[in-house]
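File shown: run-v2.cif (mmCIF, C-alpha atoms and all ligand atoms).
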data_target
#
loop_
_atom_site.label_atom_id
_atom_site.label_comp_id
_atom_site.auth_asym_id
_atom_site.auth_seq_id
_atom_site.Cartn_x
_atom_site.Cartn_y
_atom_site.Cartn_z
CA MET A 184 87.92 163.43 102.20
CA SER A 185 84.67 162.82 104.10
CA ASP A 186 81.18 163.75 103.02
CA ALA A 187 81.29 166.64 105.51
CA HIS A 188 82.27 169.13 102.81
CA ILE A 189 78.95 168.62 101.04
CA ASP A 190 76.85 171.61 102.00
CA SER A 191 73.11 171.84 101.85
CA ALA A 192 72.80 173.75 98.58
CA ARG A 193 69.71 172.92 96.55
CA PRO A 194 69.93 169.62 94.64
CA ASP A 195 67.88 171.06 91.77
CA PHE A 196 69.67 174.30 91.02
CA LEU A 197 73.12 175.56 90.03
CA PRO A 198 73.69 179.29 89.76
CA ALA A 199 74.70 180.53 86.30
CA ALA A 200 77.75 182.14 87.92
CA ASP A 201 79.16 178.66 88.43
CA TYR A 202 79.65 178.57 84.67
CA ARG A 203 80.55 182.12 83.72
CA ASP A 204 82.24 183.89 86.62
CA PRO A 205 85.88 184.46 85.54
CA ALA A 206 86.91 184.34 89.22
CA ARG A 207 85.79 180.71 89.35
CA HIS A 208 88.01 179.86 86.43
CA ARG A 209 90.97 181.63 88.02
CA ALA A 210 90.32 179.80 91.29
CA GLU A 211 90.38 176.47 89.46
CA LEU A 212 93.78 177.28 88.00
CA ASP A 213 95.17 178.47 91.33
CA ARG A 214 93.49 176.24 93.88
CA LEU A 215 92.01 173.18 92.23
CA TRP A 216 94.51 171.72 89.79
CA PRO A 217 97.62 172.14 91.99
CA ARG A 218 95.90 170.22 94.80
CA VAL A 219 94.10 167.24 93.27
CA TRP A 220 95.18 163.77 92.21
CA GLN A 221 95.23 163.49 88.42
CA MET A 222 95.68 160.56 86.03
CA ALA A 223 98.95 161.25 84.24
CA CYS A 224 99.33 158.09 82.14
CA ARG A 225 98.71 154.36 82.00
CA GLU A 226 101.23 152.27 83.89
CA SER A 227 101.65 150.28 80.70
CA ASP A 228 102.92 153.46 78.99
CA LEU A 229 106.05 153.07 81.16
CA ALA A 230 107.15 149.69 79.89
CA HIS A 231 110.90 149.87 80.57
CA VAL A 232 113.42 151.65 82.78
CA GLY A 233 113.91 155.20 81.54
CA ALA A 234 110.51 155.39 79.82
CA PHE A 235 108.78 158.71 80.42
CA VAL A 236 105.43 160.35 79.74
CA ARG A 237 104.95 164.10 79.85
CA TYR A 238 101.77 165.38 81.48
CA ASP A 239 100.97 169.09 81.22
CA ILE A 240 98.49 170.86 83.46
CA VAL A 241 97.85 174.60 83.21
CA ASP A 242 101.38 176.15 83.36
CA ASP A 243 103.15 173.07 84.60
CA SER A 244 104.77 170.27 82.69
CA ILE A 245 105.51 167.09 84.61
CA LEU A 246 107.56 164.07 83.63
CA VAL A 247 106.45 160.67 84.90
CA VAL A 248 109.44 158.35 84.69
CA LYS A 249 110.07 154.65 85.21
CA THR A 250 113.23 154.34 87.33
CA GLY A 251 113.47 150.59 88.00
CA ASP A 252 111.89 147.22 87.36
CA GLY A 253 109.52 147.25 90.35
CA ALA A 254 105.92 148.45 89.99
CA ASP A 255 106.60 151.21 92.54
CA ASP A 256 109.67 152.45 90.71
CA VAL A 257 107.91 155.42 89.18
CA VAL A 258 108.73 159.05 89.98
CA ALA A 259 107.37 162.34 88.75
CA TYR A 260 109.11 165.69 88.68
CA TYR A 261 108.74 169.06 87.05
CA ASN A 262 109.92 169.19 83.48
CA VAL A 263 111.91 172.36 83.99
CA CYS A 264 115.63 173.05 83.98
CA GLN A 265 116.87 174.42 87.28
CA HIS A 266 119.41 176.64 85.50
CA ARG A 267 117.31 179.08 83.47
CA GLY A 268 113.96 177.33 83.31
CA ARG A 269 114.02 175.71 79.91
CA ARG A 270 111.49 172.92 79.47
CA LEU A 271 113.62 169.79 79.46
CA LYS A 272 111.54 167.35 77.39
CA GLU A 273 109.42 168.57 74.54
CA ASP A 274 108.24 165.14 73.40
CA TRP A 275 105.09 163.68 74.97
CA SER A 276 106.76 160.35 75.66
CA GLY A 277 110.01 158.55 75.05
CA THR A 278 113.03 157.17 76.82
CA ILE A 279 115.68 158.83 78.94
CA SER A 280 118.59 156.57 78.10
CA THR A 281 121.32 157.70 80.49
CA THR A 282 120.73 161.24 81.73
CA LEU A 283 118.17 163.93 81.17
CA ALA A 284 120.13 166.76 79.59
CA CYS A 285 119.08 170.32 78.97
CA ARG A 286 119.93 171.36 75.44
CA PHE A 287 120.39 175.06 76.39
CA HIS A 288 123.58 174.89 78.51
CA GLY A 289 123.94 171.17 79.10
CA TRP A 290 123.03 170.65 82.74
CA GLN A 291 122.07 167.03 83.36
CA TRP A 292 119.95 164.96 85.72
CA HIS A 293 119.72 161.27 86.55
CA ILE A 294 116.44 159.56 85.61
CA ASN A 295 115.29 159.81 89.25
CA GLY A 296 115.57 163.61 89.03
CA ASP A 297 118.77 163.96 91.05
CA LEU A 298 121.36 166.33 89.69
CA HIS A 299 124.01 164.62 87.56
CA SER A 300 126.18 167.54 86.49
CA VAL A 301 126.49 171.26 85.95
CA TYR A 302 128.60 172.42 83.03
CA VAL A 303 131.69 174.30 84.36
CA PRO A 304 130.60 174.12 88.00
CA GLU A 305 133.73 175.92 89.24
CA ASP A 306 132.28 179.17 87.88
CA TRP A 307 129.86 179.01 90.83
CA ASP A 308 132.59 178.51 93.45
CA GLY A 309 131.50 180.15 96.68
CA CYS A 310 127.86 180.50 95.60
CA PRO A 311 125.22 179.05 97.93
CA GLU A 312 122.83 176.21 97.11
CA MET A 313 124.80 174.76 94.25
CA ASP A 314 124.70 171.30 95.80
CA SER A 315 122.82 168.28 94.45
CA ALA A 316 120.03 168.58 97.02
CA SER A 317 119.26 172.15 95.94
CA LEU A 318 119.35 171.43 92.23
CA GLY A 319 117.39 168.20 91.94
CA LEU A 320 114.27 168.43 89.78
CA PRO A 321 111.37 169.24 92.14
CA LYS A 322 109.33 166.11 92.79
CA VAL A 323 105.61 165.65 92.40
CA LYS A 324 103.67 163.06 94.44
CA VAL A 325 102.93 159.80 92.64
CA GLY A 326 100.28 157.15 93.24
CA ARG A 327 99.09 154.11 91.33
CA TRP A 328 95.59 152.77 91.00
CA GLY A 329 93.46 151.27 88.26
CA GLY A 330 96.38 150.83 85.91
CA TRP A 331 96.99 154.59 85.98
CA VAL A 332 99.87 156.60 87.36
CA TRP A 333 98.43 159.52 89.30
CA ILE A 334 100.22 162.72 90.23
CA ASN A 335 99.53 165.41 92.80
CA GLN A 336 101.45 168.69 92.91
CA ASP A 337 100.55 169.39 96.54
CA PRO A 338 103.39 168.14 98.78
CA ASP A 339 100.92 167.92 101.68
CA CYS A 340 98.19 166.07 99.80
CA GLU A 341 96.39 163.10 101.29
CA PRO A 342 97.46 159.69 99.95
CA LEU A 343 95.80 158.63 96.68
CA ALA A 344 94.00 155.75 98.42
CA ASP A 345 92.36 158.19 100.86
CA TYR A 346 91.49 160.59 98.08
CA LEU A 347 89.80 157.86 96.03
CA GLY A 348 87.70 156.84 99.02
CA SER A 349 85.19 154.14 98.14
CA VAL A 350 85.81 154.21 94.37
CA PRO A 351 88.29 151.29 94.24
CA GLN A 352 86.02 149.11 96.32
CA PHE A 353 83.46 149.30 93.48
CA LEU A 354 85.81 149.25 90.50
CA ASP A 355 88.58 146.88 91.63
CA PRO A 356 86.53 143.74 90.83
CA PHE A 357 86.83 144.75 87.14
CA GLU A 358 90.65 144.67 87.44
CA PRO A 359 91.22 147.91 85.58
CA GLU A 360 94.95 147.52 86.26
CA ASN A 361 94.98 144.55 83.90
CA MET A 362 93.15 146.33 81.09
CA ARG A 363 95.01 147.74 78.11
CA PRO A 364 93.96 150.37 75.58
CA LEU A 365 92.22 149.26 72.42
CA TRP A 366 92.30 152.89 71.30
CA TRP A 367 93.14 156.31 72.72
CA LYS A 368 91.71 159.43 71.13
CA THR A 369 92.27 163.02 72.23
CA ILE A 370 90.15 165.97 71.22
CA ILE A 371 91.27 169.56 71.68
CA ALA A 372 87.74 170.67 72.38
CA PRO A 373 86.50 174.27 72.09
CA VAL A 374 84.53 174.14 75.34
CA ASN A 375 85.18 174.42 79.05
CA TRP A 376 86.36 171.12 80.56
CA LYS A 377 83.42 171.06 83.02
CA ILE A 378 80.88 171.04 80.17
CA VAL A 379 82.34 167.74 78.98
CA ILE A 380 82.46 166.24 82.48
CA GLU A 381 78.80 167.10 82.96
CA ALA A 382 77.86 165.54 79.64
CA PHE A 383 79.27 162.23 80.84
CA ASN A 384 78.62 162.03 84.58
CA GLU A 385 74.83 161.73 84.24
CA GLY A 386 72.59 159.41 82.22
CA TYR A 387 69.46 161.57 82.16
CA HIS A 388 70.43 162.77 78.67
CA SER A 389 70.42 159.29 77.14
CA TRP A 390 66.89 159.20 75.77
CA ALA A 391 67.03 162.55 73.99
CA THR A 392 70.69 162.53 72.93
CA HIS A 393 71.20 158.88 72.02
CA ALA A 394 68.18 158.18 69.87
CA SER A 395 69.70 156.25 67.00
CA GLY A 396 69.71 152.58 67.96
CA VAL A 397 68.21 151.96 71.42
CA ASN A 398 65.26 153.80 72.90
CA TYR A 399 66.29 154.82 76.42
CA ARG A 400 62.92 156.39 77.29
CA ASN A 401 62.27 153.80 79.98
CA SER A 402 65.78 153.94 81.45
CA ARG A 403 66.50 155.87 84.62
CA SER A 404 69.97 156.72 85.91
CA PRO A 405 69.83 157.54 89.62
CA GLY A 406 73.00 159.17 90.92
CA ILE A 407 74.79 158.73 94.25
CA ALA A 408 77.47 160.96 95.76
CA HIS A 409 80.54 159.32 97.29
CA GLY A 410 82.35 162.24 98.92
CA LEU A 411 84.04 164.21 96.15
CA HIS A 412 83.21 161.50 93.66
CA SER A 413 79.89 160.22 92.38
CA MET A 414 78.29 157.54 90.29
CA PHE A 415 75.08 156.62 88.56
CA TYR A 416 73.49 153.28 87.86
CA SER A 417 70.79 152.27 85.46
CA GLU A 418 67.34 150.95 86.13
CA SER A 419 64.49 150.20 83.81
CA VAL A 420 60.84 151.17 84.30
CA GLY A 421 59.66 149.18 81.30
CA PRO A 422 60.88 147.52 78.14
CA GLY A 423 62.88 149.58 75.67
CA GLU A 424 62.75 149.29 71.89
CA PHE A 425 65.77 148.86 69.70
CA LYS A 426 66.40 149.20 65.99
CA ASP A 427 66.72 145.71 64.56
CA PRO A 428 69.23 144.83 61.81
CA LEU A 429 66.61 145.81 59.20
CA GLY A 430 66.30 149.28 60.73
CA LYS A 431 62.88 148.65 62.29
CA TRP A 432 62.14 149.73 65.87
CA ARG A 433 60.82 146.83 67.91
CA LEU A 434 60.66 145.51 71.46
CA PRO A 435 63.11 142.74 72.36
CA LYS A 436 61.43 139.36 72.65
CA SER A 437 63.46 138.25 75.67
CA THR A 438 65.90 139.41 78.34
CA GLN A 439 68.78 138.05 76.30
CA GLU A 440 67.70 139.92 73.19
CA TYR A 441 67.46 143.11 75.27
CA ILE A 442 71.03 142.61 76.57
CA TRP A 443 72.28 141.70 73.10
CA ALA A 444 70.60 144.73 71.47
CA ASN A 445 72.18 147.14 73.95
CA ASN A 446 75.64 145.64 73.61
CA ASN A 447 75.38 145.31 69.84
CA HIS A 448 74.55 149.00 69.58
CA LEU A 449 77.58 149.93 71.70
CA PHE A 450 79.80 147.55 69.77
CA ASN A 451 78.79 149.08 66.44
CA THR A 452 78.66 152.75 67.37
CA LEU A 453 81.04 153.20 70.32
CA GLY A 454 83.81 150.63 69.98
CA ALA A 455 84.04 150.53 73.76
CA LEU A 456 82.34 148.73 76.67
CA ALA A 457 81.12 145.97 74.32
CA LEU A 458 84.11 144.50 72.49
CA GLU A 459 84.77 141.43 70.38
CA PRO A 460 84.96 138.81 73.19
CA GLY A 461 81.79 140.16 74.80
CA MET A 462 79.88 140.17 71.54
CA ALA A 463 80.82 136.53 71.04
CA ALA A 464 79.26 135.86 74.45
CA ASN A 465 76.20 137.97 73.61
CA ASN A 466 75.67 136.18 70.31
CA ARG A 467 75.67 132.83 72.11
CA LEU A 468 73.15 134.23 74.57
CA LEU A 469 70.63 134.58 71.73
CA GLU A 470 70.58 130.79 71.44
CA LEU A 471 68.93 130.43 74.86
CA PRO A 472 65.17 129.63 74.81
CA ALA A 473 63.16 132.88 74.79
CA ASP A 474 61.44 132.03 78.07
CA THR A 475 64.67 131.55 80.08
CA PRO A 476 64.21 133.36 83.42
CA SER A 477 66.16 136.66 83.66
CA GLY A 478 68.34 135.48 86.55
CA GLU A 479 69.40 132.46 84.55
CA VAL A 480 70.13 134.61 81.49
CA VAL A 481 72.48 136.84 83.51
CA ALA A 482 74.22 133.89 85.16
CA THR A 483 74.69 132.27 81.74
CA MET A 484 75.97 135.55 80.34
CA PHE A 485 78.73 135.65 82.99
CA ARG A 486 79.66 132.07 82.20
CA PHE A 487 79.82 132.82 78.46
CA TYR A 488 82.00 135.90 79.05
CA ALA A 489 84.42 133.88 81.17
CA GLU A 490 84.52 131.15 78.52
CA GLU A 491 85.05 133.55 75.64
CA PHE A 492 87.90 135.27 77.47
CA GLU A 493 89.45 131.94 78.36
CA LYS A 494 89.38 130.94 74.66
CA ARG A 495 91.38 134.10 73.98
CA GLY A 496 93.96 133.42 76.67
CA VAL A 497 92.55 135.89 79.19
CA THR A 498 91.50 135.08 82.75
CA PHE A 499 88.16 136.70 83.48
CA PRO A 500 88.48 138.61 86.81
CA PRO A 501 87.48 136.16 89.55
CA ASN A 502 85.89 138.87 91.71
CA LEU A 503 83.80 140.20 88.86
CA THR A 504 80.66 138.50 90.11
CA ILE A 505 77.08 139.36 89.23
CA GLU A 506 76.77 141.05 92.61
CA ASN A 507 79.90 143.21 92.21
CA TRP A 508 78.96 144.07 88.64
CA ALA A 509 75.51 145.24 89.76
CA LYS A 510 76.94 147.22 92.69
CA ALA A 511 79.37 149.10 90.45
CA GLY A 512 76.57 150.59 88.35
CA THR A 513 77.25 152.36 85.08
CA ASP A 514 79.43 155.41 85.44
CA TRP A 515 81.91 156.83 87.97
CA HIS A 516 83.06 160.42 88.11
CA ILE A 517 86.39 160.47 89.94
CA PHE A 518 86.77 164.11 90.95
CA PRO A 519 87.71 166.27 89.27
CA HIS A 520 88.75 165.10 85.86
CA SER A 521 88.15 161.42 85.23
CA ILE A 522 85.09 159.37 84.33
CA CYS A 523 85.10 155.59 84.19
CA LEU A 524 82.39 153.34 82.78
CA PRO A 525 83.35 149.78 83.67
CA SER A 526 82.05 146.78 81.74
CA LEU A 527 82.59 143.06 81.49
CA ASP A 528 84.68 143.66 78.37
CA GLY A 529 86.78 146.51 79.76
CA ALA A 530 86.08 150.16 80.38
CA LEU A 531 85.49 153.47 78.70
CA TRP A 532 87.61 156.06 80.48
CA TYR A 533 87.60 159.85 79.99
CA ARG A 534 90.06 162.46 81.24
CA LEU A 535 89.50 166.20 81.05
CA ARG A 536 91.73 169.17 81.78
CA PRO A 537 91.88 172.81 80.80
CA ASN A 538 93.98 173.67 77.77
CA GLY A 539 96.43 176.05 79.42
CA HIS A 540 94.64 179.11 80.78
CA ASP A 541 91.88 179.18 78.20
CA PRO A 542 88.42 178.78 79.81
CA ASP A 543 87.01 178.01 76.36
CA SER A 544 89.24 175.08 75.47
CA CYS A 545 90.06 171.74 77.02
CA ILE A 546 92.08 168.61 76.41
CA PHE A 547 89.73 165.67 76.30
CA ASP A 548 91.19 162.14 76.31
CA ILE A 549 89.14 159.01 75.67
CA TRP A 550 90.38 155.47 76.17
CA SER A 551 88.61 152.27 75.23
CA LEU A 552 90.18 149.65 77.48
CA GLY A 553 89.90 145.93 76.95
CA ARG A 554 91.25 142.62 78.25
CA PHE A 555 93.98 141.04 76.18
CA LYS A 556 96.24 138.04 76.38
CA PRO A 557 99.57 139.22 77.80
CA GLY A 558 101.84 139.93 74.88
CA ALA A 559 98.92 140.29 72.46
CA GLU A 560 97.88 143.81 73.48
CA PRO A 561 97.19 146.18 70.58
CA LYS A 562 99.89 148.72 69.77
CA VAL A 563 98.03 151.96 70.28
CA VAL A 564 98.90 155.39 68.98
CA ASN A 565 97.26 158.47 70.42
CA ASP A 566 95.02 160.03 67.75
CA ILE A 567 94.60 163.76 68.27
CA TYR A 568 91.73 165.80 66.80
CA GLU A 569 91.46 169.59 66.69
CA GLY A 570 87.81 170.14 67.57
CA PHE A 571 84.70 167.98 67.43
CA ASP A 572 84.29 168.40 63.67
CA ALA A 573 87.66 166.78 63.05
CA PHE A 574 86.48 163.80 65.10
CA ARG A 575 83.50 163.15 62.82
CA GLY A 576 83.24 159.57 61.60
CA GLN A 577 85.22 158.15 64.52
CA CYS A 578 82.55 157.09 66.94
CA ALA A 579 78.85 157.65 66.19
CA PHE A 580 77.70 157.21 69.80
CA LEU A 581 80.09 159.82 71.19
CA GLU A 582 79.30 162.18 68.35
CA GLU A 583 75.74 162.26 69.64
CA ASP A 584 77.14 163.59 72.92
CA PHE A 585 79.52 165.96 71.18
CA ALA A 586 76.65 167.53 69.23
CA ASN A 587 75.56 169.16 72.52
CA MET A 588 78.88 170.44 73.76
CA GLU A 589 79.41 173.77 72.04
CA ALA A 590 75.72 174.62 72.30
CA VAL A 591 75.83 174.11 76.09
CA HIS A 592 79.15 175.92 76.42
CA GLN A 593 77.65 178.98 74.71
CA GLY A 594 74.22 178.64 76.28
CA VAL A 595 75.34 178.79 79.89
CA LYS A 596 76.97 182.15 79.16
CA SER A 597 73.74 183.66 77.88
CA ARG A 598 71.91 186.37 79.81
CA GLY A 599 68.86 184.20 79.21
CA PHE A 600 70.24 181.33 81.26
CA ARG A 601 68.91 181.55 84.82
CA GLY A 602 70.97 178.68 86.22
CA ALA A 603 70.85 174.92 85.77
CA ARG A 604 67.68 173.14 86.93
CA THR A 605 69.42 169.89 87.72
CA ASN A 606 67.40 166.71 88.06
CA PRO A 607 67.65 166.05 91.82
CA ARG A 608 67.59 162.29 91.31
CA GLN A 609 69.43 161.66 88.06
CA GLU A 610 71.86 164.58 88.02
CA VAL A 611 73.25 164.15 91.52
CA PRO A 612 76.77 163.81 90.06
CA VAL A 613 76.49 167.25 88.43
CA ILE A 614 75.46 168.91 91.69
CA ASN A 615 78.03 166.97 93.69
CA PHE A 616 80.72 168.02 91.23
CA HIS A 617 79.96 171.69 91.83
CA ARG A 618 79.93 171.21 95.59
CA ALA A 619 83.32 169.52 95.46
CA LEU A 620 84.66 172.25 93.15
CA ALA A 621 83.51 174.88 95.63
CA GLU A 622 85.36 173.05 98.38
CA PHE A 623 88.63 173.52 96.51
CA THR A 624 88.08 176.88 94.87
CA ARG A 625 86.52 179.01 97.59
CA SER A 626 89.04 181.43 99.04
S1 LIG B 701 118.51 176.45 80.83
FE1 LIG B 701 118.99 174.40 81.06
S2 LIG B 701 121.13 174.29 81.17
FE2 LIG B 701 120.67 176.40 80.96
FE FE B 702 75.90 160.28 76.37
#
Mind turning the file's structure into structure tokens?
Ligand code: FES
Ligand SMILES: [Fe+2]
Amino acid sequence: MSDAHIDSARPDFLPAADYRDPARHRAELDRLWPRVWQMACRESDLAHVGAFVRYDIVDDSILVVKTGDGADDVVAYYNVCQHRGRRLKEDWSGTISTTLACRFHGWQWHINGDLHSVYVPEDWDGCPEMDSASLGLPKVKVGRWGGWVWINQDPDCEPLADYLGSVPQFLDPFEPENMRPLWWKTIIAPVNWKIVIEAFNEGYHSWATHASGVNYRNSRSPGIAHGLHSMFYSESVGPGEFKDPLGKWRLPKSTQEYIWANNNHLFNTLGALALEPGMAANNRLLELPADTPSGEVVATMFRFYAEEFEKRGVTFPPNLTIENWAKAGTDWHIFPHSICLPSLDGALWYRLRPNGHDPDSCIFDIWSLGRFKPGAEPKVVNDIYEGFDAFRGQCAFLEEDFANMEAVHQGVKSRGFRGARTNPRQEVPVINFHRALAEFTRS
């Protein structure tokens, strides 16, 4: 979609109705989710023929199924029996070994969704539309990008590549398709899904919210809209302090110590973006003379990353150059429900969706992706948490973000909330998100 849908609404204001008008919520259920591309699973979740993942959105349950050995041999169809409507698969993932059978009256489908058999078909003799074409499981559009399988319920949707627009051009150098999960955590969060998106698609909150290990007061996060999608990058207006290993706040003595301090904080409190191979590179960086020019520090850092990955049997992405890394910035909001922060070590990737019809609950997935030697990828189980309190102790950095969520969710409903006074420079992704939402939800 082009930028033409972006109207000229104020960049510094969002009406409170955007958050609390029940008609908006209804419009999202009816007109947004059935028409947008959504990340249904990782391609690596479908490791063998017959493997399936179930992806539920609002009232619909969709099965994404591996039908052959080729990368394109992936289909998606509705997880609903064409006899009386029973949900076919109740597990979230598994294998369809021969046929997909309904346990109610035993109708069966092939793994590609074509009808296999009806039990006692002669009882329907003379009835119309009892042929295979009429009784196949209704298909859902499928696309692949970034190591994800995407689905779209709209049969007339634009291709995934068109929908993503310029996003892959910025993120492909990181080779997200070759990343694998280090962990995958899901929170059933007692807030509207948009509140979480807006906590992660801007960096203006970093100084006040993330105050425990790095002082972000001198960081700025200008945002840029890319059609429906948006991103922000980071720039510094002066040195930032960090808490040293003894717990004392101090200024880094060199560029390399500044880089190390930021990554070390992420490594210890987030468990994403800065992972073990990257920290090995960062630790080596500290051995450079303190007066090494910044450009040389960054060039050396890239060399160390490549070397550390090579030691671990991983080829560092050849197109992940200093230039491409800088161009990609910090954080990408892929409309409507995904946020990707790419890094040299991997990526932190979020996915949000409403929890059924409830405007006060959402399903919030978080993946830490890394680069692993083929065959040595971690075996990851999906940890599920009921609410932010249940998540406590998992990830200190994210818990700083989570501490705002319910308070914002409640606050925007207050009669005392006049509307959001968005930062026109650093909260561009928030404003752009609402403009894109309006494009889909207006009647
Ligand atoms: S509902 Fe599935 S076979 Fe009857
Ligand atoms: Fe944050």
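Inspection of the environment of ligand LIG 701 (chain B), which uses all atoms listed in the file and a cut-off of 10 Å, identifies the neighbouring residues as A:Val263, A:Cys264, A:Gln265, A:His266, A:Arg267, A:Gly268, A:Arg269, A:Arg270, A:Leu271, A:Ala284, A:Cys285, A:Arg286, A:Phe287, A:His288, A:Gly289, A:Trp290, A:Gln291, A:Ser300, A:Val301, A:Tyr302.
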Spatial neighbours of A:Arg203, max dist 10 Å, only C-alpha atoms, sep filter under 4 positions, as a PyMOL selection string: chain A and resi 198-199+207-208+542+592-593+595-597
In Å, how far is it from atom CA of A:Ala444 to atom CA of A:Glu582? 19.7 Å
Distance table requested - chain A against ligand FE 702 (chain B), cut-off 8 Å, all atoms listed in the file: one row per qualifying residue with the closest atom pair and its distance in Å to one decimal, ordered by chain and rising residue number, as JSON lines.
{"residue": "A:Ala382", "atom": "CA", "partner": "B:FE702", "partner_atom": "FE", "distance": 6.5}
{"residue": "A:Phe383", "atom": "CA", "partner": "B:FE702", "partner_atom": "FE", "distance": 5.9}
{"residue": "A:Gly386", "atom": "CA", "partner": "B:FE702", "partner_atom": "FE", "distance": 6.8}
{"residue": "A:His388", "atom": "CA", "partner": "B:FE702", "partner_atom": "FE", "distance": 6.4}
{"residue": "A:Ser389", "atom": "CA", "partner": "B:FE702", "partner_atom": "FE", "distance": 5.6}
{"residue": "A:Thr392", "atom": "CA", "partner": "B:FE702", "partner_atom": "FE", "distance": 6.6}
{"residue": "A:His393", "atom": "CA", "partner": "B:FE702", "partner_atom": "FE", "distance": 6.6}
{"residue": "A:Phe580", "atom": "CA", "partner": "B:FE702", "partner_atom": "FE", "distance": 7.5}
{"residue": "A:Leu581", "atom": "CA", "partner": "B:FE702", "partner_atom": "FE", "distance": 6.7}
{"residue": "A:Glu583", "atom": "CA", "partner": "B:FE702", "partner_atom": "FE", "distance": 7.0}
{"residue": "A:Asp584", "atom": "CA", "partner": "B:FE702", "partner_atom": "FE", "distance": 4.9}
Using C-alpha atoms, can you export the residues from the last selection as a short mmCIF file (atom, residue, chain, number, x, y, z; two decimals), keeping the file's coordinate frame?
data_model
loop_
_atom_site.label_atom_id
_atom_site.label_comp_id
_atom_site.auth_asym_id
_atom_site.auth_seq_id
_atom_site.Cartn_x
_atom_site.Cartn_y
_atom_site.Cartn_z
CA ALA A 382 77.86 165.54 79.64
CA PHE A 383 79.27 162.23 80.84
CA GLY A 386 72.59 159.41 82.22
CA HIS A 388 70.43 162.77 78.67
CA SER A 389 70.42 159.29 77.14
CA THR A 392 70.69 162.53 72.93
CA HIS A 393 71.20 158.88 72.02
CA PHE A 580 77.70 157.21 69.80
CA LEU A 581 80.09 159.82 71.19
CA GLU A 583 75.74 162.26 69.64
CA ASP A 584 77.14 163.59 72.92
#
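If you measure from each of A:Tyr346, A:Tyr260, A:Phe415, A:Phe574 to A:Ser244 using only C-alpha atoms, the closest one turns out to be A:Tyr260.
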Taking (97.5, 156.2, 66.8) in the file's coordinates as the center, which residues reach within 10 Å of it, counting all atoms listed in the file, put as a short mmCIF file (atom, residue, chain, number, x, y, z; two decimals) with C-alpha atoms, in the coordinates of the input?
data_model
loop_
_atom_site.label_atom_id
_atom_site.label_comp_id
_atom_site.auth_asym_id
_atom_site.auth_seq_id
_atom_site.Cartn_x
_atom_site.Cartn_y
_atom_site.Cartn_z
CA TRP A 366 92.30 152.89 71.30
CA TRP A 367 93.14 156.31 72.72
CA LYS A 368 91.71 159.43 71.13
CA LYS A 562 99.89 148.72 69.77
CA VAL A 563 98.03 151.96 70.28
CA VAL A 564 98.90 155.39 68.98
CA ASN A 565 97.26 158.47 70.42
CA ASP A 566 95.02 160.03 67.75
CA ILE A 567 94.60 163.76 68.27
#
